[in-house]
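Everything on this sheet refers to the single structure shown next.
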Amino acid sequence: MAILVDKSSKVMVQGMTGGAGKFHTARMLTYGTNIVGGTSPGKGGQEVEGKPVFDTVVECVENTGADVSAIFLPARFVMEAAIEAIRAGVKFLVIVPEHIPIHDMLHVRREAVAHGATVIGGNTAGVMTPGEANLGIMPDIAFKPGRVGTVSRSGSITYYVADTLTRTGYGETTCVGLGGDPVLGSTFDEILLKFEDDPKTKAVVMCGEIGGVYEERACNVIPDMKTPVLAMIGGIYAPPGKRMGHAGAIVEGKMGTAKEKLEMLADAGAHPCKTFLDIPETLKKLGV
Amino acid sequence: MAILVDKSSKVMVQGMTGGAGKFHTARMLTYGTNIVGGTSPGKGGQEVEGKPVFDTVVECVENTGADVSAIFLPARFVMEAAIEAIRAGVKFLVIVPEHIPIHDMLHVRREAVAHGATVIGGNTAGVMTPGEANLGIMPDIAFKPGRVGTVSRSGSITYYVADTLTRTGYGETTCVGLGGDPVLGSTFDEILLKFEDDPKTKAVVMCGEIGGVYEERACNVIPDMKTPVLAMIGGIYAPPGKRMGHAGAIVEGKMGTAKEKLEMLADAGAHPCKTFLDIPETLKKLGV
Amino acid sequence: MRLYEYEGKQLFEKFKIPVSARRLAKSPDEVFKIVEKMKEPVVLKAQVLSGGRGKAGGIKIAEGANEARTYADELFKLTIKGYPVDAILIEPKLDIKQEYYIGVTIDRANYKLVLIASGEGGVDIEETAEKHPDKIFKLPLDISEDVYTFDALLIAKKIGLPQELIKEGAAIIISLYNMFRKYDAKLVEINPLVLTADGKLLAADARVSLDDDAVFRHPELQEMGIESRHEEGEMTPREKQAQDWGIPYLDLDGNIGMFPGGAGFGIMGNDFIHHYGGQPANFMDSGGGPSPERIAKMLVLLDQKPEVKVIFGARFGGISRCDDFAKGVIMFLKDHGLSKPLVMRMTGNMWQEGVRMFEEAKEANPELFEHIEFHGIETPIEEISKRAVELASLEGGN
Amino acid sequence: MRLYEYEGKQLFEKFKIPVSARRLAKSPDEVFKIVEKMKEPVVLKAQVLSGGRGKAGGIKIAEGANEARTYADELFKLTIKGYPVDAILIEPKLDIKQEYYIGVTIDRANYKLVLIASGEGGVDIEETAEKHPDKIFKLPLDISEDVYTFDALLIAKKIGLPQELIKEGAAIIISLYNMFRKYDAKLVEINPLVLTADGKLLAADARVSLDDDAVFRHPELQEMGIESRHEEGEMTPREKQAQDWGIPYLDLDGNIGMFPGGAGFGIMGNDFIHHYGGQPANFMDSGGGPSPERIAKMLVLLDQKPEVKVIFGARFGGISRCDDFAKGVIMFLKDHGLSKPLVMRMTGNMWQEGVRMFEEAKEANPELFEHIEFHGIETPIEEISKRAVELASLEGGN
């Protein structure tokens with residue numbers, strides 16, 4: 001068991017014939033991800049790594065049974081691609097590109113909610129269920145099958161957390177990159193609830209960030225969760241209000257300083273961690 | 001009992017301070033219609049016939065409890081007015097003006113369906129529940145409380161049918177003017193089903209017209225109705241394909257000649273009538 | 001409001017739908033001059049507000065300027081389904097490999113917009129729809145919905161566009177749909193969308209009908225020289241007169257002048273006349289809430305038509321008030337006089353006022369009313385219809 | 001991308017939101033000349049990409065041209081929240097009766113647009129929102145939803161616009177919302193919307209922030225002279241250099257040069273340094289999939305900063321591949337040389353290739369690597385952080 005993606009998932013790649021699409025299709029396949037095909041409008045009939053390319057998602061779904069999609073397209077094409085996949089019945093989408101217009105993401109979210117689909121990203125490293133599927137751009141070296149789920153806004157944090165969990169023997173069930181863009185397809189609370197329903201996941205590490213708006217939503221669900229949640233927040237020492245690379249990393253008014261987020265999460269029942277090394281120690285204390 | 005409007009309905013008038021709005025407010029009140037107020041943006045605080053005028057429907061509903069609206073506004077303002085009323089919780093709307101842009105009516109219908117509201121018109125004479133409420137522009141002389149419901153596309157036909165029913169002692173439960181515009185807020189089948197649920201209505205007279213597209217929908221519900229349906233269709237002898245005043249009265253391809261409509265309705269179980277005098281005769285035969 | 005092909009193509013260009021270079025000519029000489037300069041085979045297309053132009057001989061191919069002038073002579077004399085040829089559109093002759101159909105219209109019964117496409121364009125699409133419904137692809141859309149590229153790509157593939165052109169075809173489909181929504185259209189069609197021998201897609205014809213009731217929202221149409229106009233054929237002089245007066249009116253072949261209130265009974269009343277063995281001389285609609293002046297003009301139209309032997313009048317006052325109606329009839333009687341029998345019924349809103357006006361006018365000028373048989377709500381309209389038929393047969397005539 | 005007030009007002013005019021006549025001046029002399037011609041009291045407003053301008057003395061009222069020049073001198077010397085004054089906007093002084101607030105922004109957590117309005121404009125709206133939430137009216141809207149006149153009328157009434165101006169106020173609200181959607185805005189504000197003594201509504205200020213990632217959709221902005229720009233204050237020379245190179249970079253006060261991969265660990269890594277008792281000298285983000293050239297430039301920035309005593313390097317290859325990373329580091333070492341100790345960890349995608357490149361380069365030029373302590377996945381990143389702090393304290397410095 002895992003969440004969002006496993007070895008039975010039939011994965012398609014949107015933008016499969018582009019540079020990034022080709023490169024990561026090969027990588028994901030090497031990991032054993034069950035990639036069944038992809039799309040590239042106007043390039044239907046071609047192949048990438050021996051997998052068929054279609055002009056539209058509907059054709060890809062009809063011919064391959066794809067139910068999960070990884071999007072590798074320039075930001076301006078993402079909205080239509082995501083809506084296309086959602087309307088074609090794809091239930092889980094990973095949006096890898098960054099800098100997607102915010103209004104576009106609002107449209108994507110709206111379609112996802114209307115059709116009961118889950119979208120993660122944009123600007124996500126993807127989702128990894130170790131030993132089963134690697135969806136996105138995550139480096140497999142960090143990951144091993146195990147019993148802790150992770151969800152982070154940042155790709156690099158996802159890797160460090162997995163690296164730590166792997167080194168200390170806990171391993172991971174599924175690692176979810178929520179994404180770094182200011183408006184995201186999914187929120188922390190939604191992913192936490194998916195882990196809560198996964199019997200193999202014995203604890204979840206969530207890593208938020210200064211300036212994000214989705215950490216607060218996690219506080220609504222943590223109190224009712226049986227699975228323990230460990231929380232890290234990046235940017236405790238960041239100068240407030242200065243731009244820090246991620247558009248999302250601007251402190252918005254009083255809400256969203258890293259310190260406040262961490263306190264709020266602790267109040268909700270999460271176990272705060274300051275460095276990655278705090279994670280295995282906390283898990284040990286919790287008897288995970 | 002009656003359908004759509006009765007003496008307990010709290011009626012508001014949108015466009016109450018305009019010429020037609022004022023005139024018909026007075027007429028409707030004289031008939032005994034329970035008019036509680038109206039709207040005219042920018043004219044909130046005024047009165048018409050002693051009834052309060054508000055800037056918005058929300059204010060009118062909050063202050064008067066209005067649940068039904070009659071719209072007397074220039075065609076170009078109807079869409080917003082109708083959507084305003086629907087969103088403010090008004091459940092039944094009568095759109096009196098004609099020449100409403102077709103695309104606007106598609107938007108109105110969409111909102112109505114989404115909010116469970118019933119809209120009739122545009123270009124309708126309104127709805128009359130004799131002895132209880134007169135909503136729109138119908139001449140009260142033709143109407144008397146009774147046991148037959150009527151629904152027609154045209155105002156004048158509504159009057160002639162009621163005139164006939166009144167003269168022959170049947171009287172009417174409610175008379176519904178579906179409207180003459182090419183795209184209408186309600187369809188024959190929807191109104192027929194409301195009559196079917198009204199215990200006081202012992203039969204329904206429906207009067208369609210050459211070129212309309214809603215007569216066909218009636219055939220979907222007539223076979224399952226317990227209440228007998230009498231059907232008239234105007235334009236049996238009309239030259240096909242020539243424009244005849246009503247934009248709706250253009251024969252659309254093969255569909256919609258008056259003769260075919262009448263045959264189709266008869267096949268569905270309706271009792272065809274050729275003149276108004278056929279109505280009381282048919283009712284007599286049916287034992288209504 | 002139907003547009004001419006050349007106007008439709010102006011809109012197509014605005015929405016980047018590919019069309020041929022083209023010129024409009026209003027006389028055979030103009031055609032000659034234009035074709036002389038083009039130095040290539042051309043197609044001459046009669047500009048009429050009607051379909052079925054090809055079958056009616058409204059399209060000609062000419063190799064040179066002289067031939068073009070000869071054809072133009074013919075075309076300008078043509079009447080297609082009652083529509084005169086106002087102008088000729090001249091385009092280079094295309095080397096056509098395949099013809100497709102794309103259209104957008106409204107499914108009124110289901111409150112949807114519908115995108116329609118077929119791989120078999122260029123012929124009568126209604127015939128294809130009837131005989132080979134499997135060759136017609138329909139996409140119903142909500143009025144608030146966009147067409148996305150993926151929707152359009154699927155349609156482009158279904159109708160069999162070559163793989164290398166599906167993106168371009170999709171763009172055309174999206175543009176046509178956007179144009180439909182932008183201009184409050186009732187119908188837009190590219191029929192045919194042509195694939196040329198050198199692999200280009202072109203809208204070879206343009207059929208555009210806009211919603212008259214929404215033209216006020218599009219002042220830019222007027223700036224483009226596209227003016228408000230109704231979809232109608234050649235009119236009789238009386239129909240033209242009625243149109244100038246703003247009265248919906250159609251001449252028919254009978255002898256009973258129809259003077260009804262409302263469009264609904266305007267239609268049904270004609271049926272009644274037929275039912276009782278008579279023949280209406282016209283269709284007429286007073287419009288909602290007509291002024292006395294308009295009522296008077298309606299009567300002028302009928303009184304002046306020689307074929308009319310008797311006038312059938314019906315007024316059920318709703319938004320049209322009986323007092324205004326009576327005022328108009330009296331105005332007509334005083335200014336014009338009535339030369340034929342009129343049997344009429346009046347009831348509805350303000351009927352008491354209407355009756356009082358008639359009574360006063362009759363008292364003052366009884367001679368004006370000698371041809372009039374007047375009834376109120378007590379007489380069924382069927383009796384009035386029968387009486388009109390009876391009077392018409394008494395009067396003789398056709 | 002934040003717009004200047006005068007740019008925001010250009011957009012307002014396009015959407016028919018009423019604004020004063022106004023002139024822009026780039027020097028005190030220009031101010032003098034403009035005010036001399038105006039012959040009325042004026043308001044001089046410093047144009048800066050920051051809020052809180054009024055409180056910082058960025059707004060002056062002058063009765064005549066001489067006074068205006070004196071104030072302009074002051075204003076051009078001002079720095080407001082780190083932002084220099086680039087220009088002064090000159091408008092006639094308004095006789096203000098009442099000030100309102102209208103804004104539109106995005107509620108990211110709930111995926112809604114929000115229309116915000118208050119009868120108490122002109123002051124710090126965030127303060128009002130906090131202390132008197134009942135005086136702020138919010139209307140959440142779906143991205144695909146229109147604001148209708150009735151919505152806007154209700155808001156206009158709620159914030160207390162005079163009855164005779166509610167329709168005009170509603171029109172302004174609708175325009176602001178339409179502008180927000182049309183230009184992919186993140187924030188648009190009229191603060192204050194002013195009611196003048198003679199009963200007119202005017203947008204007295206304009207705050208507009210657009211989504212940088214959507215500017216490509218709006219070429220008309222460039223036609224209007226509005227160019228892409230980020231929201232940032234006065235930059236240090238190194239920050240400017242970094243911006244020219246397209247590298248997100250901020251100078252901080254510490255002595256450990258941060259050379260991380262990814263923004264997420266860019267932020268978290270700084271926390272780690274603090275956690276182990278050190279002080280980062282900067283924030284930096286490599287961006288996704290940086291080129292070797294970019295990697296080299298990141299190191300140049302740190303090596304050239306005198307305050308940096310030690311460089312902390314971390315690369316977890318995801319979309320950023322370790323081979324590209326190694327290439328960049330080697331390029332830097334060869335072209336530029338490293339003058340400070342560097343402790344780094346590299347793992348992730350293509351790490352084997354990266355390690356091999358380092359080994360080959362080291363074999364060829366061992367001297368280039370003498371300041372480098374290199375680690376792989378076997379060493380926790382916390383150890384690297386600790387080691388950087390340790391090295392920094394060994395090196396001394398601040």
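Simple scheme: letters A, B, ... for chains in structure tokens order, numbers from 1 for residues in each chain, numbers from 1 for ligands in the order shown.
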Would you tabulate, counting only C-alpha atoms, all residues of chain D that have an atom at most 8 Å from an atom of chain A, showing the closest pair of atoms and their distance in Å to one decimal, sorted by chain then ascending number, as a tab-separated table?
```
residue	atom	partner	partner_atom	distance
D:Arg108	CA	A:Val183	CA	6.0
D:Ala109	CA	A:Val213	CA	5.5
D:Tyr111	CA	A:Leu106	CA	5.9
D:Lys112	CA	A:Leu106	CA	7.5
D:Ile143	CA	A:Leu106	CA	6.4
D:Ser144	CA	A:His107	CA	7.4
D:Arg181	CA	A:His103	CA	8.0
D:Asp184	CA	A:His103	CA	6.3
D:Asp211	CA	A:Pro101	CA	6.7
D:Asp212	CA	A:Pro101	CA	7.9
D:Asp213	CA	A:Pro101	CA	5.0
D:Ala214	CA	A:Pro101	CA	5.0
D:Glu232	CA	A:Arg243	CA	7.3
D:Pro248	CA	A:Gly245	CA	5.2
D:Tyr249	CA	A:Met244	CA	7.5
D:Leu250	CA	A:Met244	CA	7.5
D:Gly261	CA	A:Ser156	CA	7.2
D:Gly262	CA	A:Ser156	CA	6.0
D:Ala263	CA	A:Gly245	CA	6.2
D:Gly264	CA	A:Ser154	CA	4.7
D:Phe265	CA	A:Ser156	CA	5.7
D:Ile267	CA	A:Gly235	CA	5.3
D:Met268	CA	A:Gly234	CA	4.5
D:Asn270	CA	A:Tyr237	CA	7.1
D:Asp271	CA	A:Tyr237	CA	5.6
D:Phe272	CA	A:Thr275	CA	6.7
D:His274	CA	A:Tyr237	CA	7.3
D:His275	CA	A:Lys274	CA	8.0
D:Phe283	CA	A:Met244	CA	7.3
D:Met284	CA	A:Gly245	CA	7.5
D:Asp285	CA	A:Gly245	CA	6.0
D:Gly287	CA	A:Gly245	CA	8.0
D:Phe316	CA	A:Ser156	CA	6.2
D:Gly317	CA	A:Pro139	CA	6.4
D:Gly318	CA	A:Met138	CA	5.1
D:Ile319	CA	A:Ile137	CA	5.6
D:Thr347	CA	A:Ile141	CA	7.8
D:Gly348	CA	A:Pro139	CA	4.8
D:Asn349	CA	A:Pro139	CA	4.7
D:Ile377	CA	A:Asp163	CA	7.7
D:Pro380	CA	A:Thr164	CA	7.3
D:Ile381	CA	A:Tyr160	CA	7.8
D:Glu382	CA	A:Thr275	CA	7.3
```
Need the shell around Val104 (chain C): protein/DNA/RNA residues with any atom at most 6 Å away, counting only C-alpha atoms. Skip same-chain ones fewer than 4 positions apart. Format as a PyMOL selection string?
chain C and resi 114-116+187-188
Can you spit out the residues from that selection as an mmCIF file, in the first residue's frame, using N, CA, C and O atoms?
```cif
data_model
loop_
_atom_site.group_PDB
_atom_site.id
_atom_site.type_symbol
_atom_site.label_atom_id
_atom_site.label_comp_id
_atom_site.auth_asym_id
_atom_site.auth_seq_id
_atom_site.Cartn_x
_atom_site.Cartn_y
_atom_site.Cartn_z
ATOM 1 N N VAL C 114 -23.641 24.053 -29.475
ATOM 2 C CA VAL C 114 -23.183 22.789 -30.054
ATOM 3 C C VAL C 114 -22.168 23.065 -31.154
ATOM 4 O O VAL C 114 -22.418 23.857 -32.059
ATOM 5 N N LEU C 115 -21.031 22.441 -30.997
ATOM 6 C CA LEU C 115 -20.017 22.484 -32.035
ATOM 7 C C LEU C 115 -20.264 21.264 -32.920
ATOM 8 O O LEU C 115 -20.369 20.139 -32.434
ATOM 9 N N ILE C 116 -20.371 21.504 -34.219
ATOM 10 C CA ILE C 116 -20.685 20.417 -35.148
ATOM 11 C C ILE C 116 -19.565 20.346 -36.184
ATOM 12 O O ILE C 116 -19.101 21.385 -36.658
ATOM 13 N N LEU C 187 -25.819 31.148 -35.433
ATOM 14 C CA LEU C 187 -25.238 30.115 -36.284
ATOM 15 C C LEU C 187 -23.969 30.654 -36.928
ATOM 16 O O LEU C 187 -23.960 31.778 -37.432
ATOM 17 N N VAL C 188 -22.899 29.884 -36.872
ATOM 18 C CA VAL C 188 -21.726 30.184 -37.698
ATOM 19 C C VAL C 188 -21.295 28.869 -38.346
ATOM 20 O O VAL C 188 -21.297 27.824 -37.711
#
```
Residue neighbourhood region 383-391 of chain D, 10 Å, only C-alpha atoms, exclusion window fewer than 2 positions, as an NGL selection string
(:A and (277)) or (:D and (255-258 or 269-280 or 309-314 or 341-345 or 373-375 or 379-381 or 393-396))
In region 249-298 of chain C, what's alpha helix (DSSP H) per DSSP? Answer as an mmCIF file with C-alpha atoms, in the first residue's frame?
```
data_model
loop_
_atom_site.group_PDB
_atom_site.id
_atom_site.type_symbol
_atom_site.label_atom_id
_atom_site.label_comp_id
_atom_site.auth_asym_id
_atom_site.auth_seq_id
_atom_site.Cartn_x
_atom_site.Cartn_y
_atom_site.Cartn_z
ATOM 1 C CA ALA C 263 -48.254 37.115 -32.807
ATOM 2 C CA GLY C 264 -49.645 34.004 -31.135
ATOM 3 C CA PHE C 265 -53.200 34.620 -32.215
ATOM 4 C CA GLY C 266 -51.876 36.080 -35.445
ATOM 5 C CA ILE C 267 -50.762 32.555 -36.298
ATOM 6 C CA MET C 268 -53.667 30.700 -34.726
ATOM 7 C CA GLY C 269 -56.266 33.065 -36.197
ATOM 8 C CA ASN C 270 -55.088 32.162 -39.693
ATOM 9 C CA ASP C 271 -55.602 28.506 -38.842
ATOM 10 C CA PHE C 272 -59.154 29.295 -37.689
ATOM 11 C CA ILE C 273 -59.974 31.005 -40.974
ATOM 12 C CA HIS C 274 -58.741 27.932 -42.840
ATOM 13 C CA HIS C 275 -60.663 25.716 -40.459
ATOM 14 C CA PRO C 292 -52.727 54.026 -31.825
ATOM 15 C CA GLU C 293 -50.717 55.210 -34.850
ATOM 16 C CA ARG C 294 -49.448 51.709 -35.474
ATOM 17 C CA ILE C 295 -52.930 50.217 -35.170
ATOM 18 C CA ALA C 296 -54.145 52.727 -37.751
ATOM 19 C CA LYS C 297 -51.321 51.807 -40.135
ATOM 20 C CA MET C 298 -52.140 48.105 -39.815
#
```
Rounded to one decimal place, report the CA of Lys138 (chain C)-CA of Ala156 (chain C) distance in Å.
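Taking CA of Lys138 (chain C) as the start and CA of Ala156 (chain C) as the end point, the length is 11.9 Å.
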Separating CA of Val308 (chain C) from CA of Ala281 (chain C), to the nearest tenth of an Å, is a gap of 6.3 Å
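Between CA of Thr39 (chain A) and CA of Ala117 (chain A) lies a distance of 19.0 Å.
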Determine which residues of region 91-208 of chain C DSSP labels as strand (DSSP E) from the backbone of this structure, then write them out as a VMD selection string.
chain C and resid 91 to 92 96 to 107 112 to 118 136 to 141 185 to 196 201 to 203 207 to 208
Mind checking which residues fall within 12 Å of Tyr148 (chain D), counting only C-alpha atoms, ignoring those fewer than 6 positions away in the same chain, and posting them as a ChimeraX atom specification?
/B:56,77,79-85,87 /D:139,141,154-155,167,170-175,177-178
Pick out the closest residue to chain D from this set: C:Glu91, C:Glu145, C:Gly122, C:Glu36. Count only C-alpha atoms.
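The closest residue to chain D is C:Glu145.
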Contacts of Ile96 (chain D) at 9 Å or less, counting only C-alpha atoms, minus same-chain residues fewer than 5 places along, as a ChimeraX atom specification?
/D:194-198
Kindly save the residues from that selection, with N, CA and C atoms included, as a compact mmCIF listing (two decimals), in the first residue's frame.
```
# COMPACT_ATOMS: atom_id res chain seq x y z
N VAL D 194 -11.84 58.34 -3.19
CA VAL D 194 -12.17 59.59 -2.53
C VAL D 194 -13.52 60.13 -2.99
N LEU D 195 -14.30 60.60 -2.01
CA LEU D 195 -15.50 61.38 -2.33
C LEU D 195 -15.13 62.84 -2.12
N THR D 196 -15.17 63.61 -3.18
CA THR D 196 -14.76 65.01 -3.06
C THR D 196 -15.93 65.87 -2.56
N ALA D 197 -15.58 67.08 -2.12
CA ALA D 197 -16.61 67.97 -1.56
C ALA D 197 -17.68 68.27 -2.61
N ASP D 198 -17.29 68.25 -3.90
CA ASP D 198 -18.32 68.51 -4.91
C ASP D 198 -18.97 67.23 -5.43
```
What's around region 190-200 of chain A at 9 Å? Count only C-alpha atoms, leave out sequence neighbours fewer than 4 positions away in its own chain, and write the answer as a list of chain:residue names.
A:Met1, A:Ala2, A:Ile3, A:Leu4, A:Gly146, A:Arg147, A:Val148, A:Gly149, A:Thr150, A:Val151, A:Thr173, A:Thr174, A:Val176, A:Leu178, A:Ser186, A:Val204, A:Met206, A:Arg217, A:Ala218, A:Val221, A:Ile222, A:Met225, A:Lys226, A:Thr227, A:Pro228, A:Val229
